[in-house]
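Enquirer: Below is the file my_file-v3.pdb, which contains PDB, C-alpha atoms.
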```pdb
MODEL        1
ATOM      1  CA  MET A   5      86.726-103.484 -54.526
ATOM      2  CA  ALA A   6      87.957-107.046 -54.149
ATOM      3  CA  THR A   7      91.089-106.299 -56.126
ATOM      4  CA  GLY A   8      91.784-103.139 -54.162
ATOM      5  CA  MET A   9      91.371-104.837 -50.825
ATOM      6  CA  GLY A  10      93.617-107.678 -51.920
ATOM      7  CA  SER A  11      96.324-105.244 -52.975
ATOM      8  CA  ASN A  12      95.986-103.408 -49.690
ATOM      9  CA  ARG A  13      96.375-106.633 -47.713
ATOM     10  CA  VAL A  14      99.544-107.520 -49.596
ATOM     11  CA  ARG A  15     100.970-104.032 -49.109
ATOM     12  CA  VAL A  16     100.224-104.047 -45.377
ATOM     13  CA  ALA A  17     101.720-107.498 -44.910
ATOM     14  CA  LEU A  18     104.878-106.586 -46.823
ATOM     15  CA  VAL A  19     105.394-103.321 -44.945
ATOM     16  CA  ILE A  20     104.962-104.965 -41.554
ATOM     17  CA  ALA A  21     107.215-107.886 -42.466
ATOM     18  CA  ALA A  22     109.939-105.573 -43.755
ATOM     19  CA  VAL A  23     109.892-103.334 -40.707
ATOM     20  CA  PHE A  24     109.863-106.245 -38.258
ATOM     21  CA  ALA A  25     112.601-108.120 -40.094
ATOM     22  CA  GLY A  26     114.872-105.095 -40.386
ATOM     23  CA  ILE A  27     114.570-103.973 -36.782
ATOM     24  CA  ALA A  28     114.620-107.487 -35.314
ATOM     25  CA  ALA A  29     117.793-108.297 -37.232
ATOM     26  CA  ALA A  30     119.595-105.016 -36.622
ATOM     27  CA  THR A  31     118.419-104.173 -33.119
ATOM     28  CA  PRO A  32     119.088-106.645 -30.281
ATOM     29  CA  THR A  33     116.911-106.284 -27.198
ATOM     30  CA  SER A  34     119.663-104.593 -25.219
ATOM     31  CA  GLN A  35     120.176-101.922 -27.877
ATOM     32  CA  ALA A  36     116.553-101.098 -28.684
ATOM     33  CA  GLY A  37     116.819 -97.614 -27.162
ATOM     34  CA  THR A  38     119.524 -96.394 -29.583
ATOM     35  CA  VAL A  39     117.419 -96.109 -32.744
ATOM     36  CA  PRO A  40     114.860 -93.228 -32.505
ATOM     37  CA  THR A  41     115.442 -89.560 -31.753
ATOM     38  CA  MET A  42     115.156 -89.252 -27.980
ATOM     39  CA  CYS A  43     113.482 -86.574 -25.839
ATOM     40  CA  SER A  44     113.509 -88.529 -22.572
ATOM     41  CA  GLU A  45     115.344 -86.059 -20.356
ATOM     42  CA  GLY A  46     113.429 -85.416 -17.155
ATOM     43  CA  TRP A  47     110.854 -88.176 -17.658
ATOM     44  CA  GLU A  48     110.565 -90.586 -14.710
ATOM     45  CA  ALA A  49     109.421 -94.196 -15.239
ATOM     46  CA  THR A  50     108.091 -96.374 -12.409
ATOM     47  CA  THR A  51     106.275 -99.710 -12.321
ATOM     48  CA  VAL A  52     102.645-100.000 -11.212
ATOM     49  CA  VAL A  53     102.243-103.743 -11.748
ATOM     50  CA  GLU A  54     104.349-106.367 -13.544
ATOM     51  CA  GLY A  55     104.371-110.028 -14.480
ATOM     52  CA  VAL A  56     100.711-110.160 -15.520
ATOM     53  CA  GLY A  57     100.928-111.638 -19.020
ATOM     54  CA  ASN A  58     100.618-109.668 -22.235
ATOM     55  CA  LEU A  59      98.887-106.352 -21.533
ATOM     56  CA  GLU A  60      97.022-104.956 -24.522
ATOM     57  CA  ASN A  61      95.028-101.921 -23.369
ATOM     58  CA  LEU A  62      93.937 -99.821 -20.404
ATOM     59  CA  ASP A  63      91.656 -97.042 -19.231
ATOM     60  CA  SER A  64      91.484 -95.070 -15.989
ATOM     61  CA  ASP A  65      88.771 -95.851 -13.452
ATOM     62  CA  GLY A  66      88.839 -92.211 -12.301
ATOM     63  CA  ARG A  67      89.932 -93.238  -8.791
ATOM     64  CA  GLY A  68      93.636 -93.889  -9.261
ATOM     65  CA  GLY A  69      93.223 -97.367 -10.749
ATOM     66  CA  PHE A  70      92.830 -98.877 -14.201
ATOM     67  CA  TYR A  71      90.946-101.478 -16.153
ATOM     68  CA  VAL A  72      93.305-103.523 -18.346
ATOM     69  CA  THR A  73      93.051-106.338 -20.882
ATOM     70  CA  GLY A  74      95.398-109.311 -21.204
ATOM     71  CA  ILE A  75      95.334-110.353 -24.845
ATOM     72  CA  MET A  76      96.955-113.789 -24.659
ATOM     73  CA  ASP A  77      95.643-114.724 -21.210
ATOM     74  CA  GLY A  78      92.120-113.653 -22.137
ATOM     75  CA  TYR A  79      91.070-111.411 -19.278
ATOM     76  CA  LEU A  80      89.603-108.070 -18.277
ATOM     77  CA  ALA A  81      91.107-106.968 -14.955
ATOM     78  CA  HIS A  82      91.160-104.070 -12.520
ATOM     79  CA  VAL A  83      94.374-102.655 -11.071
ATOM     80  CA  ASP A  84      93.796-100.453  -8.026
ATOM     81  CA  GLY A  85      95.849 -97.458  -6.949
ATOM     82  CA  ALA A  86      98.123 -99.659  -4.853
ATOM     83  CA  GLY A  87      98.977-101.920  -7.794
ATOM     84  CA  ARG A  88      96.768-104.853  -6.749
ATOM     85  CA  MET A  89      95.215-106.629  -9.730
ATOM     86  CA  GLU A  90      91.920-108.526  -9.785
ATOM     87  CA  LYS A  91      90.748-110.420 -12.844
ATOM     88  CA  LEU A  92      87.087-109.604 -13.408
ATOM     89  CA  VAL A  93      86.280-111.538 -16.595
ATOM     90  CA  THR A  94      88.303-114.509 -17.844
ATOM     91  CA  GLY A  95      88.112-116.921 -20.767
ATOM     92  CA  LEU A  96      87.967-114.099 -23.333
ATOM     93  CA  TRP A  97      89.373-114.540 -26.832
ATOM     94  CA  ARG A  98      92.118-111.940 -27.448
ATOM     95  CA  PRO A  99      90.595-108.945 -25.640
ATOM     96  CA  ALA A 100      91.814-105.541 -26.773
ATOM     97  CA  GLY A 101      90.513-101.961 -26.424
ATOM     98  CA  VAL A 102      88.843-100.958 -23.154
ATOM     99  CA  ARG A 103      86.970 -97.769 -22.131
ATOM    100  CA  VAL A 104      85.205 -96.700 -18.960
ATOM    101  CA  ALA A 105      81.827 -94.908 -19.253
ATOM    102  CA  GLY A 106      80.084 -94.301 -15.944
ATOM    103  CA  PRO A 107      79.198 -97.649 -14.328
ATOM    104  CA  TYR A 108      80.243 -99.620 -17.426
ATOM    105  CA  VAL A 109      83.506-100.875 -18.865
ATOM    106  CA  TYR A 110      83.330-101.485 -22.604
ATOM    107  CA  PHE A 111      85.864-103.839 -24.174
ATOM    108  CA  LEU A 112      86.597-105.610 -27.463
ATOM    109  CA  THR A 113      87.570-109.212 -28.179
ATOM    110  CA  GLY A 114      88.953-110.963 -31.254
ATOM    111  CA  ASP A 115      91.938-108.683 -31.873
ATOM    112  CA  GLY A 116      94.195-109.820 -34.710
ATOM    113  CA  LEU A 117      94.718-109.942 -38.459
ATOM    114  CA  SER A 118      93.184-113.372 -39.006
ATOM    115  CA  GLU A 119      91.246-114.228 -35.852
ATOM    116  CA  PRO A 120      87.638-115.489 -35.671
ATOM    117  CA  PRO A 121      85.008-112.719 -35.619
ATOM    118  CA  GLY A 122      85.202-110.546 -32.517
ATOM    119  CA  THR A 123      82.804-108.787 -30.171
ATOM    120  CA  LEU A 124      82.054-105.560 -28.317
ATOM    121  CA  GLN A 125      81.070-106.308 -24.724
ATOM    122  CA  ARG A 126      80.069-104.336 -21.620
ATOM    123  CA  TYR A 127      80.966-105.087 -17.992
ATOM    124  CA  ASP A 128      78.741-103.656 -15.269
ATOM    125  CA  THR A 129      80.988-102.593 -12.373
ATOM    126  CA  ALA A 130      78.124-102.714  -9.873
ATOM    127  CA  THR A 131      76.822-106.204 -10.659
ATOM    128  CA  GLY A 132      79.664-107.932 -12.507
ATOM    129  CA  ARG A 133      77.274-108.727 -15.372
ATOM    130  CA  VAL A 134      78.761-108.985 -18.865
ATOM    131  CA  GLN A 135      76.639-108.191 -21.908
ATOM    132  CA  ILE A 136      77.624-108.874 -25.517
ATOM    133  CA  LEU A 137      76.576-105.864 -27.596
ATOM    134  CA  LEU A 138      78.003-106.664 -31.047
ATOM    135  CA  THR A 139      79.300-109.812 -32.723
ATOM    136  CA  GLY A 140      80.928-110.634 -36.055
ATOM    137  CA  LEU A 141      83.554-107.884 -35.820
ATOM    138  CA  ASN A 142      86.588-107.924 -38.095
ATOM    139  CA  GLY A 143      89.625-107.899 -35.802
ATOM    140  CA  PRO A 144      88.449-105.100 -33.452
ATOM    141  CA  ASN A 145      91.331-103.366 -31.728
ATOM    142  CA  GLY A 146      91.313 -99.760 -30.468
ATOM    143  CA  LEU A 147      88.293 -98.303 -28.655
ATOM    144  CA  LEU A 148      87.349 -94.650 -28.035
ATOM    145  CA  LEU A 149      84.558 -93.074 -25.995
ATOM    146  CA  LEU A 150      83.232 -89.906 -27.662
ATOM    147  CA  PRO A 151      81.927 -86.800 -25.864
ATOM    148  CA  ASP A 152      78.362 -87.667 -26.992
ATOM    149  CA  GLY A 153      78.555 -91.121 -25.364
ATOM    150  CA  GLY A 154      79.107 -92.963 -28.625
ATOM    151  CA  LEU A 155      81.951 -95.403 -29.248
ATOM    152  CA  LEU A 156      84.386 -95.699 -32.125
ATOM    153  CA  PHE A 157      86.496 -98.795 -32.629
ATOM    154  CA  THR A 158      89.192 -99.707 -35.128
ATOM    155  CA  THR A 159      89.517-102.965 -37.064
ATOM    156  CA  ILE A 160      92.651-104.694 -38.357
ATOM    157  CA  GLY A 161      91.243-108.014 -39.593
ATOM    158  CA  LEU A 162      91.974-109.131 -43.139
ATOM    159  CA  GLY A 163      88.630-110.905 -43.442
ATOM    160  CA  GLY A 164      86.634-107.906 -44.680
ATOM    161  CA  PRO A 165      86.413-104.093 -44.740
ATOM    162  CA  THR A 166      88.741-102.329 -42.304
ATOM    163  CA  GLY A 167      88.929 -98.904 -40.721
ATOM    164  CA  ILE A 168      86.637 -97.505 -38.019
ATOM    165  CA  SER A 169      83.153 -98.523 -36.879
ATOM    166  CA  ARG A 170      80.737 -96.532 -34.700
ATOM    167  CA  TYR A 171      78.300 -97.709 -32.035
ATOM    168  CA  TRP A 172      75.759 -95.733 -29.972
ATOM    169  CA  PRO A 173      75.053 -97.651 -26.729
ATOM    170  CA  ALA A 174      71.985 -95.592 -25.792
ATOM    171  CA  ALA A 175      70.235 -96.363 -29.084
ATOM    172  CA  ASN A 176      71.931 -99.716 -29.773
ATOM    173  CA  GLU A 177      72.826 -98.477 -33.267
ATOM    174  CA  TYR A 178      75.847 -99.724 -35.200
ATOM    175  CA  GLU A 179      77.572 -98.275 -38.270
ATOM    176  CA  ARG A 180      80.190-100.732 -39.455
ATOM    177  CA  ASP A 181      81.891 -98.616 -42.138
ATOM    178  CA  TRP A 182      81.950 -95.223 -40.439
ATOM    179  CA  ALA A 183      85.433 -94.514 -41.874
ATOM    180  CA  SER A 184      87.225 -96.625 -44.467
ATOM    181  CA  LEU A 185      90.979 -96.951 -43.888
ATOM    182  CA  PRO A 186      93.768 -99.520 -44.105
ATOM    183  CA  PRO A 187      93.747-101.889 -41.101
ATOM    184  CA  ALA A 188      93.530 -99.453 -38.183
ATOM    185  CA  ASN A 189      94.871 -99.737 -34.662
ATOM    186  CA  GLY A 190      95.115 -96.962 -32.037
ATOM    187  CA  ILE A 191      92.568 -94.152 -31.744
ATOM    188  CA  ALA A 192      92.391 -90.917 -29.723
ATOM    189  CA  LEU A 193      90.275 -87.775 -29.473
ATOM    190  CA  ALA A 194      91.967 -84.577 -30.710
ATOM    191  CA  ALA A 195      92.211 -81.420 -28.621
ATOM    192  CA  ASP A 196      89.437 -79.679 -30.577
ATOM    193  CA  GLY A 197      86.945 -82.370 -29.555
ATOM    194  CA  GLU A 198      85.710 -82.422 -33.155
ATOM    195  CA  SER A 199      88.241 -84.775 -34.720
ATOM    196  CA  ILE A 200      90.166 -87.934 -33.881
ATOM    197  CA  TYR A 201      93.564 -89.429 -34.549
ATOM    198  CA  VAL A 202      93.906 -92.995 -35.757
ATOM    199  CA  ASP A 203      96.982 -95.002 -36.740
ATOM    200  CA  THR A 204      97.143 -97.823 -39.242
ATOM    201  CA  MET A 205      99.185-100.890 -40.052
ATOM    202  CA  THR A 206     100.708 -98.884 -42.921
ATOM    203  CA  LEU A 207     102.686 -97.003 -40.235
ATOM    204  CA  GLN A 208     100.759 -93.732 -40.565
ATOM    205  CA  ILE A 209      98.691 -91.535 -38.242
ATOM    206  CA  TYR A 210      95.627 -89.783 -39.688
ATOM    207  CA  ARG A 211      93.394 -86.998 -38.415
ATOM    208  CA  ILE A 212      89.686 -87.487 -39.143
ATOM    209  CA  PRO A 213      86.915 -84.914 -38.570
ATOM    210  CA  LEU A 214      83.958 -86.427 -36.724
ATOM    211  CA  HIS A 215      81.456 -84.580 -38.933
ATOM    212  CA  ASP A 216      83.017 -85.860 -42.186
ATOM    213  CA  PRO A 217      85.021 -89.081 -41.686
ATOM    214  CA  SER A 218      85.711 -89.395 -45.421
ATOM    215  CA  ARG A 219      88.091 -86.414 -45.186
ATOM    216  CA  HIS A 220      91.126 -87.810 -43.415
ATOM    217  CA  THR A 221      94.502 -86.074 -43.529
ATOM    218  CA  LEU A 222      97.974 -87.363 -42.685
ATOM    219  CA  ALA A 223      99.229 -86.245 -39.264
ATOM    220  CA  SER A 224     102.508 -88.201 -39.165
ATOM    221  CA  GLY A 225     104.273 -91.176 -40.666
ATOM    222  CA  ILE A 226     107.539 -92.256 -42.283
ATOM    223  CA  PRO A 227     110.110 -90.641 -42.239
ATOM    224  CA  ASP A 228     109.023 -88.699 -39.125
ATOM    225  CA  LEU A 229     107.571 -91.754 -37.388
ATOM    226  CA  VAL A 230     109.441 -95.016 -37.992
ATOM    227  CA  ALA A 231     107.277 -97.276 -35.847
ATOM    228  CA  LEU A 232     104.312 -99.604 -35.764
ATOM    229  CA  PRO A 233     102.045 -97.271 -33.774
ATOM    230  CA  ASP A 234      99.499 -98.734 -31.374
ATOM    231  CA  ASP A 235      97.061 -97.011 -29.009
ATOM    232  CA  MET A 236      97.591 -93.387 -28.017
ATOM    233  CA  GLU A 237      96.249 -90.260 -26.321
ATOM    234  CA  ALA A 238      96.343 -86.558 -27.208
ATOM    235  CA  THR A 239      96.869 -83.541 -24.972
ATOM    236  CA  ARG A 240      95.096 -80.190 -25.038
ATOM    237  CA  ALA A 241      98.432 -78.640 -26.082
ATOM    238  CA  GLY A 242      98.430 -80.660 -29.310
ATOM    239  CA  ALA A 243     100.914 -83.409 -28.488
ATOM    240  CA  LEU A 244     100.094 -87.035 -29.199
ATOM    241  CA  PHE A 245     101.665 -89.797 -27.101
ATOM    242  CA  VAL A 246     101.819 -93.044 -29.067
ATOM    243  CA  ALA A 247     102.792 -96.575 -28.032
ATOM    244  CA  ASP A 248     105.115 -98.327 -30.481
ATOM    245  CA  HIS A 249     104.937-102.073 -30.924
ATOM    246  CA  ILE A 250     108.366-102.431 -32.556
ATOM    247  CA  LEU A 251     110.862-100.655 -30.305
ATOM    248  CA  GLY A 252     108.678-100.766 -27.220
ATOM    249  CA  ALA A 253     108.729 -96.993 -27.277
ATOM    250  CA  VAL A 254     106.390 -94.181 -26.383
ATOM    251  CA  TYR A 255     106.590 -91.432 -28.982
ATOM    252  CA  GLN A 256     105.685 -87.797 -28.573
ATOM    253  CA  VAL A 257     104.228 -86.513 -31.842
ATOM    254  CA  ASP A 258     103.862 -82.821 -32.646
ATOM    255  CA  THR A 259     100.507 -82.921 -34.430
ATOM    256  CA  ALA A 260     101.148 -79.537 -36.079
ATOM    257  CA  THR A 261     104.374 -80.633 -37.800
ATOM    258  CA  GLY A 262     104.422 -84.451 -37.601
ATOM    259  CA  ALA A 263     107.822 -84.379 -35.869
ATOM    260  CA  THR A 264     108.360 -87.189 -33.364
ATOM    261  CA  CYS A 265     110.738 -88.236 -30.628
ATOM    262  CA  ALA A 266     110.775 -91.025 -28.050
ATOM    263  CA  ILE A 267     110.363 -90.350 -24.345
ATOM    264  CA  ILE A 268     111.171 -93.997 -23.498
ATOM    265  CA  THR A 269     112.198 -97.167 -25.370
ATOM    266  CA  GLY A 270     112.891-100.804 -24.581
ATOM    267  CA  LEU A 271     109.412-101.719 -23.266
ATOM    268  CA  ILE A 272     109.599-105.176 -24.826
ATOM    269  CA  LYS A 273     109.615-108.773 -23.706
ATOM    270  CA  PRO A 274     113.021-109.779 -22.287
ATOM    271  CA  GLY A 275     115.121-112.348 -24.057
ATOM    272  CA  PRO A 276     117.998-112.736 -26.498
ATOM    273  CA  LEU A 277     115.741-112.820 -29.567
ATOM    274  CA  ARG A 278     112.923-110.527 -30.635
ATOM    275  CA  ASN A 279     109.472-111.804 -31.565
ATOM    276  CA  PRO A 280     107.618-108.683 -32.783
ATOM    277  CA  PRO A 281     105.075-107.379 -32.189
ATOM    278  CA  ASP A 282     106.085-107.527 -28.530
ATOM    279  CA  GLY A 283     106.349-103.896 -27.472
ATOM    280  CA  ALA A 284     104.282-101.134 -25.905
ATOM    281  CA  THR A 285     100.562-101.341 -26.643
ATOM    282  CA  SER A 286      98.651 -98.413 -25.156
ATOM    283  CA  VAL A 287      99.048 -94.976 -23.546
ATOM    284  CA  ARG A 288      96.587 -93.172 -21.269
ATOM    285  CA  ILE A 289      96.825 -89.915 -19.312
ATOM    286  CA  ALA A 290      95.482 -90.036 -15.762
ATOM    287  CA  ARG A 291      95.876 -88.267 -12.440
ATOM    288  CA  ASP A 292      98.829 -89.185 -10.262
ATOM    289  CA  GLY A 293      98.783 -86.085  -8.091
ATOM    290  CA  ASP A 294      99.327 -84.196 -11.336
ATOM    291  CA  TRP A 295      98.871 -85.726 -14.786
ATOM    292  CA  ALA A 296     101.044 -88.697 -15.799
ATOM    293  CA  LEU A 297     101.233 -91.169 -18.662
ATOM    294  CA  PHE A 298     100.386 -94.808 -18.022
ATOM    295  CA  VAL A 299     101.636 -97.390 -20.506
ATOM    296  CA  THR A 300     100.836-101.067 -21.066
ATOM    297  CA  SER A 301     103.225-103.427 -22.807
ATOM    298  CA  MET A 302     103.398-106.998 -23.999
ATOM    299  CA  ASP A 303     106.074-107.599 -21.359
ATOM    300  CA  GLY A 304     103.253-107.714 -18.787
ATOM    301  CA  THR A 305     104.048-104.405 -17.108
ATOM    302  CA  LEU A 306     101.923-101.338 -16.452
ATOM    303  CA  ARG A 307     104.228 -98.321 -16.087
ATOM    304  CA  ARG A 308     103.813 -94.741 -14.930
ATOM    305  CA  LEU A 309     105.704 -92.025 -16.816
ATOM    306  CA  ARG A 310     105.874 -88.691 -14.991
ATOM    307  CA  PRO A 311     106.776 -85.711 -17.198
ATOM    308  CA  PRO A 312     109.478 -83.140 -16.476
ATOM    309  CA  ALA A 313     108.461 -80.002 -14.602
ATOM    310  CA  GLY A 314     106.700 -77.503 -16.826
ATOM    311  CA  VAL A 315     105.533 -80.053 -19.423
ATOM    312  CA  ASP A 316     101.745 -79.827 -19.843
ATOM    313  CA  ILE A 317     100.171 -83.214 -20.601
ATOM    314  CA  THR A 318      96.607 -82.288 -19.639
ATOM    315  CA  PRO A 319      94.514 -84.685 -21.739
ATOM    316  CA  ALA A 320      92.354 -83.540 -24.628
ATOM    317  CA  THR A 321      89.436 -85.674 -23.470
ATOM    318  CA  PRO A 322      86.600 -83.428 -22.170
ATOM    319  CA  GLY A 323      85.521 -84.138 -18.603
ATOM    320  CA  LYS A 324      88.667 -86.093 -17.766
ATOM    321  CA  THR A 325      89.451 -84.117 -14.635
ATOM    322  CA  ARG A 326      90.140 -86.808 -12.044
TER     323      ARG A 326
ENDMDL
END
```
What is this structure when it is put down as structure tokens?
Expert:
Amino acid sequence: MATGMGSNRVRVALVIAAVFAGIAAATPTSQAGTVPTMCSEGWEATTVVEGVGNLENLDSDGRGGFYVTGIMDGYLAHVDGAGRMEKLVTGLWRPAGVRVAGPYVYFLTGDGLSEPPGTLQRYDTATGRVQILLTGLNGPNGLLLLPDGGLLFTTIGLGGPTGISRYWPAANEYERDWASLPPANGIALAADGESIYVDTMTLQIYRIPLHDPSRHTLASGIPDLVALPDDMEATRAGALFVADHILGAVYQVDTATGATCAIITGLIKPGPLRNPPDGATSVRIARDGDWALFVTSMDGTLRRLRPPAGVDITPATPGKTR
């Protein structure tokens, strides 16, 4: 096991370094949108809030606003429907995935390959109380609320086993090694409600059945998806919208074929030189009259992406009707 994990760490590091180096050298900031296959026609991008640090993750509050995390500035914040942001919890160490469940907002801290052990915490929206639920986590990153009220979260740390862990808040039960994978990042519920998608630092997206997490299958990857995929969300029609950390893109993945195209690119920090990973970090589907995509990025901007007429992006998540 030790030898295998060591080999996996080396492979992951080499793949990431090669991709970053190649794209950073060949693709200046101003030309980032020329690389992937595009399917952006008819999509409309607008800004909800900007200039708020390095946004890592988000989830809808069900009322037109969002809870977001700022990874470098160490905060959990709320952005209302008018774009006003209020920091709710500060002084956090590299907060990442965030999910809303009733009166609670669950969030992770300690995101990174070689950071100190992280935590799973819960913010009570009624009282402002913060409770630490789990400690000692190995680079926790993406967070998913399941239909049964349980939570799954991915880990990317190189200090121990990686993959996906499971936690049941009602019973306070924790299963660290629910699914063993290379360092894992984004996570989303599939349209069938019985499986999930997860992407890894090996630039692949897997589909995993909830009843048998040892049986994962490849949903997309190189050469269809040339990206460092981050957090994502699936639609009931079978599309998967994925944030890309390298080109600052949002990809649309056909989960039946693995084919991908970009609906937007260039969501990266401004400047003459790239410093990856500095691109888009998370995608959520929420109501904006009709359904729209909302995207966080390391450039400190929360954006709204409205689809062309006739494009169904109704989310796969059961009960997400507001």
Enquirer: Residues within 10 Å of A:Ile317, please, as number ranges by chain. Count all atoms listed in the file; anything in the same chain fewer than 4 positions from it doesn't count.
Expert: A: 237-245, 289-290, 294-297, 310-311
Enquirer: What is the distance, in Å and to one decimal place, between atom CA of A:Tyr201 and atom CA of A:Asp63?
Expert: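 Atom CA of A:Asp63 lies 17.2 Å from atom CA of A:Tyr201.
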Enquirer: When the PyMOL selection byres ((chain A and resi 72) around 9) is applied to the file above, which residues end up in the set, as a compact mmCIF listing (two decimals) with C-alpha atoms, in the coordinates of the input?
Expert:
```txt
# COMPACT_ATOMS: atom_id res chain seq x y z
CA LEU A 59 98.89 -106.35 -21.53
CA GLU A 60 97.02 -104.96 -24.52
CA ASN A 61 95.03 -101.92 -23.37
CA LEU A 62 93.94 -99.82 -20.40
CA ASP A 63 91.66 -97.04 -19.23
CA SER A 64 91.48 -95.07 -15.99
CA PHE A 70 92.83 -98.88 -14.20
CA TYR A 71 90.95 -101.48 -16.15
CA THR A 73 93.05 -106.34 -20.88
CA GLY A 74 95.40 -109.31 -21.20
CA TYR A 79 91.07 -111.41 -19.28
CA LEU A 80 89.60 -108.07 -18.28
CA ALA A 81 91.11 -106.97 -14.96
CA HIS A 82 91.16 -104.07 -12.52
CA VAL A 83 94.37 -102.66 -11.07
CA ALA A 100 91.81 -105.54 -26.77
CA GLY A 101 90.51 -101.96 -26.42
CA VAL A 102 88.84 -100.96 -23.15
CA THR A 300 100.84 -101.07 -21.07
```
Enquirer: Using the chain letters and numbers from this file, what does the PyMOL selection byres ((chain A and resi 128) around 12) select? Give the answer as a ChimeraX atom specification.
Expert: /A:92-93,104-111,125-127,129-136
Enquirer: Those same residues - C-alpha atoms - I'd like them written as a compact mmCIF listing (two decimals), in the frame of the given file.
Expert:
```
# COMPACT_ATOMS: atom_id res chain seq x y z
CA LEU A 92 87.09 -109.60 -13.41
CA VAL A 93 86.28 -111.54 -16.60
CA VAL A 104 85.20 -96.70 -18.96
CA ALA A 105 81.83 -94.91 -19.25
CA GLY A 106 80.08 -94.30 -15.94
CA PRO A 107 79.20 -97.65 -14.33
CA TYR A 108 80.24 -99.62 -17.43
CA VAL A 109 83.51 -100.88 -18.86
CA TYR A 110 83.33 -101.48 -22.60
CA PHE A 111 85.86 -103.84 -24.17
CA GLN A 125 81.07 -106.31 -24.72
CA ARG A 126 80.07 -104.34 -21.62
CA TYR A 127 80.97 -105.09 -17.99
CA THR A 129 80.99 -102.59 -12.37
CA ALA A 130 78.12 -102.71 -9.87
CA THR A 131 76.82 -106.20 -10.66
CA GLY A 132 79.66 -107.93 -12.51
CA ARG A 133 77.27 -108.73 -15.37
CA VAL A 134 78.76 -108.98 -18.86
CA GLN A 135 76.64 -108.19 -21.91
CA ILE A 136 77.62 -108.87 -25.52
```
Enquirer: Quick one: residues within 9 Å of A:Leu207, only C-alpha atoms counted, chain neighbours fewer than 2 positions away excluded, as JSON, numbers by chain?
Expert: {"A": [19, 20, 203, 204, 205, 209, 224, 225, 226, 229, 230, 231, 232, 233]}
Enquirer: In Å, rounded to a single decimal, give me how far atom CA of A:Met302 is from atom CA of A:Thr259.
Expert: 26.4 Å
Enquirer: Which one of A:Gly143, A:Pro280, A:Pro274, A:Gly304 sits closest to A:Glu54 if you count all atoms listed in the file?
Expert: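 Between A:Gly143, A:Pro280, A:Pro274, A:Gly304, the residue approaching A:Glu54 most closely is A:Gly304.
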Enquirer: List the residues matched by the PyMOL selection byres ((chain A and resi 150-153) around 12) in the displayed structure as a PyMOL selection string, ordered by chain and then by residue number.
Expert: chain A and resi 103-106+108+110+147-149+154-157+170-176+191-200+214+320-324
Enquirer: Looking at only C-alpha atoms, which of A:Ile267, A:Val299, A:Ala188, A:Ile168 is the one that sits closest to A:Trp47?
Expert: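 Closest residue, counting only C-alpha atoms: A:Ile267.
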Enquirer: Would you work out the distance separating atom CA of A:Gly69 from atom CA of A:Gly85, expressed in Å to one decimal?
Expert: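 Answer for the atom CA of A:Gly69 to atom CA of A:Gly85 separation: 4.6 Å.
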Enquirer: With distances taken over all atoms listed in the file, which residue among A:Ala260, A:Ile160, A:Ala253, A:Val53 lies nearest A:Asp84?
Expert: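 Looking at the shortest contact to A:Asp84, the residue is A:Val53.
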Enquirer: How big is the axis-aligned box, and where does its centre sit, when it encloses all atoms of stretch 250-264 of chain A listed in the file and has 4 Å added on every side, reported in Å to one decimal as JSON?
Expert:
```
{"center_x": 105.7, "center_y": -91.0, "center_z": -32.1, "size_x": 18.4, "size_y": 30.9, "size_z": 19.4}
```
Enquirer: Which residues come within 8 Å of A:Ile268, counting only C-alpha atoms, excluding same-chain residues fewer than 3 positions away, as a list of chain:residue names?
Expert: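 The neighbour list is A:Gly37, A:Met42, A:Ser44, A:Ala253, A:Val254, A:Tyr255, A:Leu271.
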Enquirer: Pick out the closest residue to A:Gln256 from this set: A:Val315, A:Leu137, A:Leu306, A:Ile272. Count all atoms listed in the file.
Expert: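 Closest to A:Gln256 of all the choices is A:Val315.
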Enquirer: When distances are computed from only C-alpha atoms, which of A:Thr166, A:Asn58, A:Ser184, A:Asn189 shows the smallest separation from A:Gly283?
Expert: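 Selected residue with least distance to A:Gly283: A:Asn58.
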Enquirer: With distances taken over only C-alpha atoms, which residue among A:Thr264, A:Trp182, A:Gly87, A:Gly66 lies nearest A:Val52?
Expert: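 The shortest atom-to-atom distance to A:Val52 comes from A:Gly87.
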